[in-house]
>>> print(open('work_22.cif').read())   # mmCIF, C-alpha atoms (C1' of nucleotides)
data_structure
#
loop_
_atom_site.label_atom_id
_atom_site.label_comp_id
_atom_site.auth_asym_id
_atom_site.auth_seq_id
_atom_site.Cartn_x
_atom_site.Cartn_y
_atom_site.Cartn_z
CA MET I 222 168.67 85.67 120.37
CA PRO I 223 168.04 87.17 116.92
CA ASN I 224 170.63 89.58 115.61
CA ALA I 225 169.85 93.22 114.93
CA SER I 226 169.10 92.63 111.29
CA THR I 227 166.63 89.86 111.98
CA ALA I 228 164.94 91.84 114.70
CA ARG I 229 164.65 94.89 112.49
CA THR I 230 163.22 92.88 109.63
CA ASP I 231 160.76 91.23 111.98
CA GLU I 232 159.56 94.49 113.43
CA SER I 233 159.29 96.08 110.07
CA THR I 234 157.23 93.30 108.56
CA ARG I 235 154.96 93.18 111.56
CA SER I 236 154.33 96.87 111.41
CA ARG I 237 153.83 96.87 107.64
CA ILE I 238 151.20 94.19 108.11
CA LEU I 239 149.52 96.37 110.71
CA ASP I 240 149.66 99.38 108.41
CA VAL I 241 147.96 97.59 105.54
CA ALA I 242 145.43 95.79 107.73
CA GLU I 243 144.58 99.00 109.52
CA ARG I 244 143.76 100.78 106.31
CA LEU I 245 141.75 97.83 105.00
CA VAL I 246 139.68 97.66 108.20
CA GLN I 247 139.09 101.39 108.19
CA VAL I 248 137.99 101.42 104.56
CA ARG I 249 136.26 98.04 104.20
CA GLY I 250 135.55 96.86 107.74
CA PHE I 251 136.82 93.93 109.77
CA ASN I 252 134.45 91.60 107.90
CA GLY I 253 135.36 93.20 104.60
CA PHE I 254 139.02 92.26 104.32
CA SER I 255 140.99 89.01 104.44
CA TYR I 256 144.48 87.73 105.07
CA ALA I 257 144.71 87.26 101.31
CA ASP I 258 144.16 90.99 100.75
CA VAL I 259 146.95 91.94 103.14
CA ALA I 260 149.30 89.29 101.80
CA ALA I 261 148.77 90.32 98.19
CA GLU I 262 149.47 93.95 98.94
CA LEU I 263 152.71 93.14 100.76
CA GLU I 264 153.69 90.41 98.28
CA LEU I 265 153.73 87.85 101.06
CA THR I 266 151.75 84.65 101.53
CA LYS I 267 148.91 84.14 103.94
CA ALA I 268 151.04 81.63 105.83
CA SER I 269 153.60 84.32 106.55
CA LEU I 270 150.97 86.51 108.10
CA HIS I 271 150.04 83.66 110.41
CA TYR I 272 153.62 83.69 111.65
CA HIS I 273 153.23 87.28 112.84
CA PHE I 274 149.62 87.05 114.01
CA ARG I 275 148.11 83.75 115.04
CA GLY I 276 144.80 84.64 113.47
CA LYS I 277 142.53 87.43 112.40
CA ALA I 278 141.28 88.01 115.92
CA GLU I 279 144.81 88.53 117.21
CA LEU I 280 145.60 90.84 114.31
CA GLY I 281 142.51 92.86 115.13
CA GLU I 282 143.53 93.20 118.75
CA ALA I 283 147.04 94.32 117.79
CA LEU I 284 145.42 96.86 115.49
CA MET I 285 143.27 98.30 118.24
CA ALA I 286 146.14 98.32 120.73
CA ARG I 287 148.34 100.33 118.39
CA TYR I 288 145.52 102.65 117.36
CA SER I 289 144.56 103.34 120.96
CA GLU I 290 148.16 104.04 121.89
CA ARG I 291 148.54 106.46 119.01
CA PHE I 292 145.31 108.20 119.86
CA ALA I 293 146.35 108.54 123.49
CA ALA I 294 149.67 109.98 122.37
CA ALA I 295 147.87 112.46 120.12
CA LEU I 296 145.69 113.56 123.04
CA ALA I 297 148.75 113.94 125.23
CA ALA I 298 150.36 116.05 122.51
CA ILE I 299 147.35 118.35 122.52
CA ASP I 300 147.60 118.67 126.29
CA GLU I 301 151.24 119.64 126.05
CA LYS I 302 150.45 122.59 123.84
CA VAL I 303 148.69 124.38 126.72
CA LEU I 304 145.79 125.55 124.59
CA ASP I 305 142.54 126.86 125.96
CA ALA I 306 139.60 124.46 125.99
CA PRO I 307 138.01 125.59 122.69
CA ALA I 308 141.33 125.18 120.91
CA LYS I 309 141.73 121.72 122.42
CA LEU I 310 138.34 120.73 121.09
CA ASP I 311 139.30 122.02 117.66
CA ALA I 312 142.48 120.01 117.78
CA TYR I 313 140.50 116.96 118.85
CA ALA I 314 138.17 117.30 115.87
CA GLY I 315 141.27 117.74 113.74
CA LEU I 316 142.39 114.25 114.70
CA TYR I 317 139.18 112.88 113.23
CA ALA I 318 139.55 114.98 110.10
CA ASP I 319 143.03 113.53 109.60
CA VAL I 320 141.65 110.00 109.84
CA LEU I 321 138.93 110.71 107.33
CA ARG I 322 141.43 111.22 104.54
CA GLY I 323 141.86 108.24 102.28
CA ARG I 324 138.18 107.37 102.70
CA ARG I 325 138.95 105.93 106.11
CA MET I 326 136.51 105.63 108.95
CA CYS I 327 137.75 105.87 112.52
CA LEU I 328 139.02 102.34 113.23
CA CYS I 329 136.97 102.19 116.37
CA GLY I 330 133.83 103.61 114.78
CA MET I 331 134.07 100.96 112.08
CA LEU I 332 134.46 98.20 114.65
CA ALA I 333 131.55 99.67 116.60
CA ALA I 334 129.32 99.13 113.57
CA GLU I 335 130.45 95.50 113.35
CA TYR I 336 130.42 95.12 117.12
CA HIS I 337 128.13 92.11 117.32
CA THR I 338 130.26 90.05 114.93
CA LEU I 339 133.59 90.82 116.60
CA PRO I 340 135.72 88.37 118.58
CA GLU I 341 135.42 89.00 122.29
CA GLY I 342 138.82 90.60 122.76
CA LEU I 343 138.08 93.26 120.17
CA ARG I 344 134.80 94.24 121.76
CA GLY I 345 136.46 95.24 124.99
CA ALA I 346 139.06 97.26 123.08
CA VAL I 347 136.30 99.22 121.33
CA THR I 348 134.57 100.36 124.49
CA ARG I 349 137.89 101.11 126.20
CA PHE I 350 138.74 103.40 123.29
CA PHE I 351 135.48 105.28 123.63
CA ASP I 352 135.93 105.44 127.40
CA ALA I 353 139.37 106.98 127.03
CA ASN I 354 138.09 109.55 124.56
CA GLU I 355 135.19 110.49 126.78
CA ALA I 356 137.45 110.84 129.79
CA TRP I 357 139.81 113.17 127.95
CA LEU I 358 136.94 115.27 126.61
CA ALA I 359 135.33 115.40 130.04
CA LYS I 360 138.52 116.81 131.47
CA VAL I 361 138.70 119.48 128.74
CA LEU I 362 135.03 120.35 129.11
CA ALA I 363 135.32 120.70 132.87
CA GLU I 364 138.36 122.94 132.49
CA GLY I 365 136.63 125.05 129.90
CA ARG I 366 133.46 125.47 131.86
CA HIS I 367 135.42 126.39 134.97
CA SER I 368 137.53 128.96 133.17
CA GLY I 369 134.53 130.31 131.29
CA SER I 370 135.93 129.54 127.84
CA LEU I 371 133.19 126.97 127.22
CA ARG I 372 129.52 127.27 127.90
CA PHE I 373 127.14 124.30 127.83
CA ASP I 374 124.17 122.86 129.64
CA GLY I 375 124.09 119.25 130.73
CA GLU I 376 126.59 117.15 132.56
CA VAL I 377 130.21 117.04 131.54
CA ARG I 378 130.26 113.28 131.01
CA GLU I 379 127.16 113.26 128.84
CA THR I 380 128.39 116.21 126.85
CA ALA I 381 131.66 114.39 126.23
CA ARG I 382 129.68 111.41 124.97
CA SER I 383 127.64 113.53 122.62
CA ILE I 384 130.84 114.94 121.13
CA VAL I 385 132.32 111.49 120.51
CA GLY I 386 129.07 110.36 118.96
CA GLY I 387 128.66 113.52 116.93
CA LEU I 388 132.12 113.29 115.41
CA GLU I 389 131.91 109.54 114.73
CA GLY I 390 128.55 110.02 113.03
CA ALA I 391 129.73 112.97 111.00
CA MET I 392 132.61 110.82 109.70
CA LEU I 393 130.28 107.95 108.95
CA VAL I 394 128.00 110.06 106.79
CA ALA I 395 130.70 112.20 105.16
CA ARG I 396 132.44 109.05 103.96
CA SER I 397 129.41 108.01 101.93
CA TYR I 398 129.68 111.22 99.97
CA ASP I 399 133.46 111.05 99.72
CA ASP I 400 133.28 114.61 101.00
CA PRO I 401 135.54 115.55 103.94
CA GLU I 402 134.02 119.02 103.87
CA ARG I 403 130.79 117.54 105.22
CA PHE I 404 132.71 116.38 108.23
CA ARG I 405 134.50 119.64 108.76
CA SER I 406 131.28 121.58 108.57
CA ALA I 407 129.39 119.30 110.96
CA ALA I 408 132.29 119.27 113.41
CA ALA I 409 132.48 123.05 113.35
CA LEU I 410 128.77 123.38 114.07
CA LEU I 411 128.96 120.83 116.87
CA LEU I 412 131.85 122.58 118.58
CA ALA I 413 130.34 126.02 117.99
CA SER I 414 127.49 125.06 120.28
CA PHE I 415 130.01 125.04 123.13
CA THR I 416 132.12 127.99 122.06
CA ARG I 417 129.60 130.71 121.45
CA PRO I 418 130.49 134.09 119.99
CA GLY I 419 131.41 136.45 122.79
CA THR I 420 132.06 133.65 125.23
CA GLN I 421 135.73 134.47 125.42
CA ALA I 422 135.61 138.19 124.75
CA ALA I 423 132.44 139.26 126.58
CA ALA I 424 131.98 139.49 130.34
CA MET L 265 98.16 84.67 86.45
CA PRO L 266 98.63 83.38 89.99
CA ASN L 267 95.55 82.98 92.11
CA ALA L 268 95.01 84.97 95.29
CA SER L 269 96.42 82.28 97.52
CA THR L 270 99.63 81.97 95.56
CA ALA L 271 100.08 85.70 95.45
CA ARG L 272 99.49 86.01 99.16
CA THR L 273 101.98 83.26 99.97
CA ASP L 274 104.51 84.87 97.68
CA GLU L 275 104.18 88.27 99.27
CA SER L 276 104.33 86.83 102.72
CA THR L 277 107.48 84.82 102.13
CA ARG L 278 109.12 87.69 100.37
CA SER L 279 108.38 90.04 103.22
CA ARG L 280 109.44 87.53 105.87
CA ILE L 281 112.76 87.21 104.08
CA LEU L 282 113.08 90.97 104.11
CA ASP L 283 112.23 91.10 107.82
CA VAL L 284 114.90 88.60 108.78
CA ALA L 285 117.52 90.00 106.41
CA GLU L 286 116.84 93.52 107.60
CA ARG L 287 117.46 92.61 111.20
CA LEU L 288 120.60 90.65 110.33
CA VAL L 289 122.04 93.56 108.36
CA GLN L 290 121.20 96.02 111.11
CA VAL L 291 122.80 93.85 113.78
CA ARG L 292 125.70 92.19 111.90
CA GLY L 293 126.18 94.27 108.77
CA PHE L 294 125.78 93.49 105.09
CA ASN L 295 129.09 91.62 105.10
CA GLY L 296 128.21 89.89 108.34
CA PHE L 297 125.24 87.80 107.27
CA SER L 298 124.60 85.22 104.57
CA TYR L 299 121.75 83.61 102.68
CA ALA L 300 122.32 80.58 104.89
CA ASP L 301 121.54 82.63 108.01
CA VAL L 302 118.27 83.86 106.59
CA ALA L 303 117.30 80.46 105.23
CA ALA L 304 117.98 78.72 108.55
CA GLU L 305 115.88 81.18 110.49
CA LEU L 306 112.93 80.82 108.13
CA GLU L 307 113.41 77.06 107.73
CA LEU L 308 113.85 77.46 104.01
CA THR L 309 116.74 76.56 101.74
CA LYS L 310 119.17 79.01 100.22
CA ALA L 311 117.87 78.07 96.79
CA SER L 312 114.41 79.27 97.75
CA LEU L 313 115.78 82.66 98.67
CA HIS L 314 117.27 82.93 95.21
CA TYR L 315 113.79 82.51 93.79
CA HIS L 316 112.65 85.67 95.60
CA PHE L 317 115.85 87.68 95.21
CA ARG L 318 118.29 86.98 92.43
CA GLY L 319 121.25 87.59 94.68
CA LYS L 320 122.49 89.36 97.75
CA ALA L 321 122.84 92.68 95.96
CA GLU L 322 119.20 92.60 94.85
CA LEU L 323 118.11 91.65 98.36
CA GLY L 324 120.07 94.58 99.73
CA GLU L 325 118.43 96.97 97.33
CA ALA L 326 114.98 95.69 98.22
CA LEU L 327 115.90 96.17 101.87
CA MET L 328 116.88 99.78 101.35
CA ALA L 329 113.84 100.48 99.20
CA ARG L 330 111.48 99.23 101.88
CA TYR L 331 113.39 100.93 104.68
CA SER L 332 113.42 104.27 102.88
CA GLU L 333 109.72 104.01 102.15
CA ARG L 334 108.96 103.29 105.79
CA PHE L 335 111.14 106.11 106.96
CA ALA L 336 109.48 108.51 104.56
CA ALA L 337 106.09 107.36 105.81
CA ALA L 338 107.19 107.91 109.40
CA LEU L 339 108.30 111.43 108.55
CA ALA L 340 105.00 112.10 106.83
CA ALA L 341 103.19 110.83 109.93
CA ILE L 342 105.12 113.33 112.06
CA ASP L 343 104.15 116.10 109.66
CA GLU L 344 100.49 115.19 109.92
CA LYS L 345 100.49 115.66 113.68
CA VAL L 346 100.98 119.41 113.25
CA LEU L 347 103.56 119.66 116.03
CA ASP L 348 105.84 122.62 116.57
CA ALA L 349 109.40 122.28 115.33
CA PRO L 350 110.99 121.20 118.65
CA ALA L 351 108.38 118.45 119.02
CA LYS L 352 109.05 117.32 115.45
CA LEU L 353 112.75 117.02 116.21
CA ASP L 354 111.94 115.00 119.32
CA ALA L 355 109.73 112.72 117.28
CA TYR L 356 112.50 112.39 114.72
CA ALA L 357 115.00 111.32 117.37
CA GLY L 358 112.35 108.92 118.62
CA LEU L 359 112.44 107.11 115.28
CA TYR L 360 116.13 106.43 115.84
CA ALA L 361 115.52 105.31 119.41
CA ASP L 362 112.94 102.83 118.14
CA VAL L 363 115.45 101.38 115.69
CA LEU L 364 118.10 101.02 118.36
CA ARG L 365 116.06 98.44 120.21
CA GLY L 366 117.16 94.89 119.57
CA ARG L 367 120.77 96.02 119.25
CA ARG L 368 120.02 97.29 115.78
CA MET L 369 121.91 100.04 114.02
CA CYS L 370 120.10 102.26 111.56
CA LEU L 371 120.11 100.19 108.35
CA CYS L 372 121.55 103.09 106.44
CA GLY L 373 124.16 103.94 109.06
CA MET L 374 125.35 100.34 108.96
CA LEU L 375 125.59 100.39 105.19
CA ALA L 376 127.40 103.72 105.37
CA ALA L 377 130.13 102.05 107.43
CA GLU L 378 130.45 99.30 104.82
CA TYR L 379 130.02 101.75 101.97
CA HIS L 380 133.19 100.94 100.05
CA THR L 381 132.36 97.23 99.85
CA LEU L 382 128.75 97.64 98.73
CA PRO L 383 127.37 96.80 95.28
CA GLU L 384 126.82 99.94 93.24
CA GLY L 385 123.03 100.02 93.49
CA LEU L 386 123.16 99.98 97.26
CA ARG L 387 125.54 102.92 97.44
CA GLY L 388 123.14 105.22 95.68
CA ALA L 389 120.35 104.14 98.01
CA VAL L 390 122.43 105.08 101.05
CA THR L 391 123.09 108.65 99.98
CA ARG L 392 119.50 109.09 98.82
CA PHE L 393 118.36 108.07 102.29
CA PHE L 394 120.58 110.65 103.93
CA ASP L 395 119.52 113.27 101.39
CA ALA L 396 115.85 112.66 102.19
CA ASN L 397 116.50 112.92 105.91
CA GLU L 398 118.44 116.12 105.53
CA ALA L 399 115.76 117.64 103.36
CA TRP L 400 113.04 116.86 105.89
CA LEU L 401 115.11 118.20 108.77
CA ALA L 402 116.00 121.31 106.81
CA LYS L 403 112.32 122.02 106.33
CA VAL L 404 111.62 121.60 110.05
CA LEU L 405 114.62 123.71 111.02
CA ALA L 406 113.59 126.52 108.66
CA GLU L 407 110.05 126.47 110.03
CA GLY L 408 111.28 126.51 113.60
CA ARG L 409 113.71 129.33 113.06
CA HIS L 410 111.07 131.37 111.27
CA SER L 411 108.48 130.84 113.99
CA GLY L 412 111.05 131.41 116.73
CA SER L 413 110.61 127.98 118.30
CA LEU L 414 114.17 127.01 117.34
CA ARG L 415 117.32 129.03 117.70
CA PHE L 416 120.58 128.06 116.02
CA ASP L 417 123.52 129.59 114.24
CA GLY L 418 124.76 128.24 110.95
CA GLU L 419 122.96 127.36 107.77
CA VAL L 420 119.83 125.25 107.78
CA ARG L 421 121.25 122.61 105.46
CA GLU L 422 124.44 122.18 107.43
CA THR L 423 122.57 122.08 110.70
CA ALA L 424 120.34 119.35 109.30
CA ARG L 425 123.45 117.40 108.34
CA SER L 426 124.93 117.73 111.80
CA ILE L 427 121.71 116.35 113.30
CA VAL L 428 121.72 113.30 111.02
CA GLY L 429 125.38 112.71 111.80
CA GLY L 430 124.92 113.29 115.50
CA LEU L 431 122.08 110.81 115.80
CA GLU L 432 123.76 108.17 113.64
CA GLY L 433 126.94 108.47 115.68
CA ALA L 434 125.11 108.36 118.98
CA MET L 435 123.47 105.10 117.85
CA LEU L 436 126.78 103.70 116.70
CA VAL L 437 128.44 104.25 120.06
CA ALA L 438 125.46 103.38 122.25
CA ARG L 439 125.19 100.01 120.55
CA SER L 440 128.69 99.04 121.67
CA TYR L 441 127.58 99.46 125.27
CA ASP L 442 124.23 97.81 124.70
CA ASP L 443 122.88 100.90 126.38
CA PRO L 444 119.99 102.73 124.69
CA GLU L 445 120.14 105.32 127.46
CA ARG L 446 123.41 106.57 126.00
CA PHE L 447 121.59 107.33 122.80
CA ARG L 448 118.65 108.99 124.49
CA SER L 449 120.94 111.18 126.52
CA ALA L 450 123.12 112.23 123.58
CA ALA L 451 120.07 112.89 121.41
CA ALA L 452 118.52 115.03 124.14
CA LEU L 453 121.68 117.11 124.46
CA LEU L 454 121.98 117.51 120.71
CA LEU L 455 118.41 118.73 120.32
CA ALA L 456 118.64 120.90 123.43
CA SER L 457 121.22 123.00 121.65
CA PHE L 458 118.44 124.09 119.27
CA THR L 459 115.60 124.33 121.74
CA ARG L 460 116.99 126.50 124.49
CA PRO L 461 115.15 127.07 127.77
CA GLY L 462 112.90 130.08 127.40
CA THR L 463 112.91 129.94 123.62
CA GLN L 464 109.25 129.15 123.49
CA ALA L 465 108.07 130.91 126.68
CA ALA L 466 110.22 134.06 126.69
CA ALA L 467 109.84 137.04 124.35
"C1'" DG A 245 107.56 77.99 95.39
"C1'" DT A 246 110.40 74.97 97.30
"C1'" DC A 247 113.46 71.37 97.18
"C1'" DT A 248 118.21 68.44 96.40
"C1'" DA A 249 122.48 68.56 94.57
"C1'" DT A 250 126.42 70.63 93.22
"C1'" DA A 251 129.52 73.88 91.22
"C1'" DA A 252 132.96 77.41 91.93
"C1'" DC A 253 135.27 80.17 94.78
"C1'" DG A 254 137.30 82.43 98.85
"C1'" DA A 255 138.37 82.53 103.83
"C1'" DG A 256 140.87 81.14 107.92
"C1'" DA A 257 144.08 78.12 109.35
"C1'" DT A 258 147.93 74.40 109.78
"C1'" DA A 259 152.02 71.24 108.62
"C1'" DG A 260 156.29 71.03 107.44
"C1'" DA A 261 160.20 72.15 104.06
"C1'" DC A 262 163.68 75.62 103.27
"C1'" DG P 16 160.66 84.40 108.33
"C1'" DT P 17 158.85 82.83 104.44
"C1'" DC P 18 157.42 79.44 101.50
"C1'" DT P 19 154.32 75.43 99.17
"C1'" DA P 20 150.76 72.54 99.82
"C1'" DT P 21 146.69 71.30 101.77
"C1'" DC P 22 142.55 71.16 104.66
"C1'" DT P 23 138.00 72.45 106.06
"C1'" DC P 24 134.46 75.21 105.94
"C1'" DG P 25 131.33 78.92 104.50
"C1'" DT P 26 129.44 81.70 100.78
"C1'" DT P 27 127.14 82.85 96.50
"C1'" DA P 28 124.93 80.98 92.94
"C1'" DT P 29 122.79 77.69 89.42
"C1'" DA P 30 120.43 73.46 87.34
"C1'" DG P 31 116.79 70.86 87.36
"C1'" DA P 32 113.34 67.71 89.88
"C1'" DC P 33 108.96 67.95 92.39
#
>>> encode(input="work_22.cif", output="structure tokens")
Amino acid sequence: MPNASTARTDESTRSRILDVAERLVQVRGFNGFSYADVAAELELTKASLHYHFRGKAELGEALMARYSERFAAALAAIDEKVLDAPAKLDAYAGLYADVLRGRRMCLCGMLAAEYHTLPEGLRGAVTRFFDANEAWLAKVLAEGRHSGSLRFDGEVRETARSIVGGLEGAMLVARSYDDPERFRSAAALLLASFTRPGTQAAA
Amino acid sequence: MPNASTARTDESTRSRILDVAERLVQVRGFNGFSYADVAAELELTKASLHYHFRGKAELGEALMARYSERFAAALAAIDEKVLDAPAKLDAYAGLYADVLRGRRMCLCGMLAAEYHTLPEGLRGAVTRFFDANEAWLAKVLAEGRHSGSLRFDGEVRETARSIVGGLEGAMLVARSYDDPERFRSAAALLLASFTRPGTQAAA
DNA sequence: GTCTATAACGAGATAGAC
DNA sequence: GTCTATCTCGTTATAGAC
């Protein structure tokens, strides 16, 4: 059994690898970075990376697992704040806005673009991420419609999908202009179509 | 000066290279295909490709030039049909739906994802494509609002941007599920928020 | 216009020492 | 855990024959 120091070092290196790889995938894509890039940035060798992750496919899966966990935790944190539905949607869009800093694309949106070149394990992780997002949004939308704080036509599930797509696309485009304000503006318009003026105040 | 036959052969090979490369980029990304892929599919050698396009960057630029031209022509064709604004938006979304077949992403959306790894010339082409789309949509939106066939809050330019983003994102996600219906549904919802029931029939 | 041949480099991965 | 050394393969690109 490794002692505390060894275990701590191990964990730390593993997570630093994930940090660097995550950023590289979000900025350059899964096909746009290499073990050499990660190794150079951490002043390690490629061989060392192979100790922590058997190969690029496994690294990618660890990346998605951690990202999905974090996203789920962020959604749970929004739920705990007991906001009304419009405020939850705002907070949800805020998660995307946070990601967009540092010229990053949503990890999952980036992988979605490269979908047909991804190792099998990563493909499943991508759709599961979208599924989880849609399910959370569907819950919020249903709440909001029931309480009257949101107003929209169409089915809850399809509306949730259009929100995921709308935000992913807004990120995608905004990134080409290096202009987060494009995202913010598009997200605001998108959400405004559900939270109309007077919806909360008027009868 | 080359004779007619030579010129015809040249054009044909050049355009067949563009056809194959275009599909490969749309499906696998600019960093997900190689000269070898194109050459194999056309039963040519890589060296022959270099005769037609100096390098991958030049091929990419030719790809974007042709794609942008075609898109502009498609927009002009919509304009010539003298449709009302809602019908123009439907036709616009239809262009995206056409692209989505064959598991393809919008060429420009794909390049937007890979933006930070692209050769300089290609980056400019990406933003010019989005600019042209936004300008066309802005014109349609302004027309529709003026004639009363469209109803939306927010500025015309920002609304145009949210449509481009919304459609690109809907494509991006739908492709991961190999389900064009996801796109159709999200696009319909997006456009429905501008063309509300009764907008055209009611006073 | 297309080919063969090859250069020059980078990517993903492994063996085995320390 | 990390290293050096090495392997194999793919990628972009060029030279020069046909």
>>> resolve_selection(input="work_22.cif", expression="the PyMOL selection byres ((chain A) within 12 of (chain L))", output="list in words")
DG245, DT246, DC247, DT248, DA249 and DT250 of chain A
>>> residues_around(input="work_22.cif", residues="Val246 in chain I", least_positions_apart="6", cutoff="10 Å", atoms="only C-alpha atoms (C1' of nucleotides)", output="list in words")
Asn252, Gly253, Phe254, Ser255, Gly281, Leu284, Arg325, Met326, Cys327, Leu328, Cys329, Met331 and Leu332 of chain I; Glu378 of chain L
>>> atom_distance(input="work_22.cif", atom1="CA of Pro307 in chain I", atom2="CA of Ala413 in chain I")
9.0 Å
>>> resolve_selection(input="work_22.cif", expression="the PyMOL selection byres ((chain P) within 10 of (chain I))", output="ChimeraX atom specification")
/P:16-19
>>> interface_residues(input="work_22.cif", of="chain L", to="chain I", cutoff="9 Å", atoms="all atoms listed in the file", output="PyMOL selection string")
chain L and resi 291-293+295-296+367+369+373-374+376-381+387+390-391+394+416-418+422-423+425-441+446-447+449-451+453-454+456-457
>>> atom_distance(input="work_22.cif", atom1="CA of Tyr299 in chain L", atom2="CA of Leu343 in chain I")
25.8 Å
>>> atom_distance(input="work_22.cif", atom1="CA of Val420 in chain L", atom2="CA of Ala359 in chain I")
28.9 Å
>>> residues_near_point(input="work_22.cif", point="(151.6, 72.5, 112.1)", cutoff="12 Å", atoms="only C-alpha atoms (C1' of nucleotides)", output="PyMOL selection string")
(chain I and resi 268+271-272) or (chain A and resi 257-261) or (chain P and resi 21-22)
>>> write_last_selection(input="work_22.cif", atoms="C-alpha atoms (C1' of nucleotides)", output="mmCIF file, in the coordinates of the input")
data_model
loop_
_atom_site.group_PDB
_atom_site.id
_atom_site.type_symbol
_atom_site.label_atom_id
_atom_site.label_comp_id
_atom_site.auth_asym_id
_atom_site.auth_seq_id
_atom_site.Cartn_x
_atom_site.Cartn_y
_atom_site.Cartn_z
ATOM 1 C CA ALA I 268 151.040 81.630 105.830
ATOM 2 C CA HIS I 271 150.040 83.660 110.410
ATOM 3 C CA TYR I 272 153.620 83.690 111.650
ATOM 4 C "C1'" DA A 257 144.080 78.120 109.350
ATOM 5 C "C1'" DT A 258 147.930 74.400 109.780
ATOM 6 C "C1'" DA A 259 152.020 71.240 108.620
ATOM 7 C "C1'" DG A 260 156.290 71.030 107.440
ATOM 8 C "C1'" DA A 261 160.200 72.150 104.060
ATOM 9 C "C1'" DT P 21 146.690 71.300 101.770
ATOM 10 C "C1'" DC P 22 142.550 71.160 104.660
#
>>> residues_around(input="work_22.cif", residues="DC253 in chain A", least_positions_apart="4", cutoff="12 Å", atoms="all atoms listed in the file", output="MDAnalysis selection string")
chainID P and resid 25:28
>>> resolve_selection(input="work_22.cif", expression="the PyMOL selection byres ((chain L and resi 343) around 12)", output="list of chain:residue names")
L:Ala336, L:Ala337, L:Ala338, L:Leu339, L:Ala340, L:Ala341, L:Ile342, L:Glu344, L:Lys345, L:Val346, L:Leu347, L:Asp348, L:Ala349, L:Ala351, L:Lys352, L:Leu353, L:Ala355, L:Tyr356, L:Trp400, L:Leu401, L:Lys403, L:Val404, L:Glu407
>>> residues_around(input="work_22.cif", residues="Val302 in chain L", least_positions_apart="6", cutoff="7 Å", atoms="all atoms listed in the file", output="list in words")
Ile281, Val284 and Ala285 of chain L
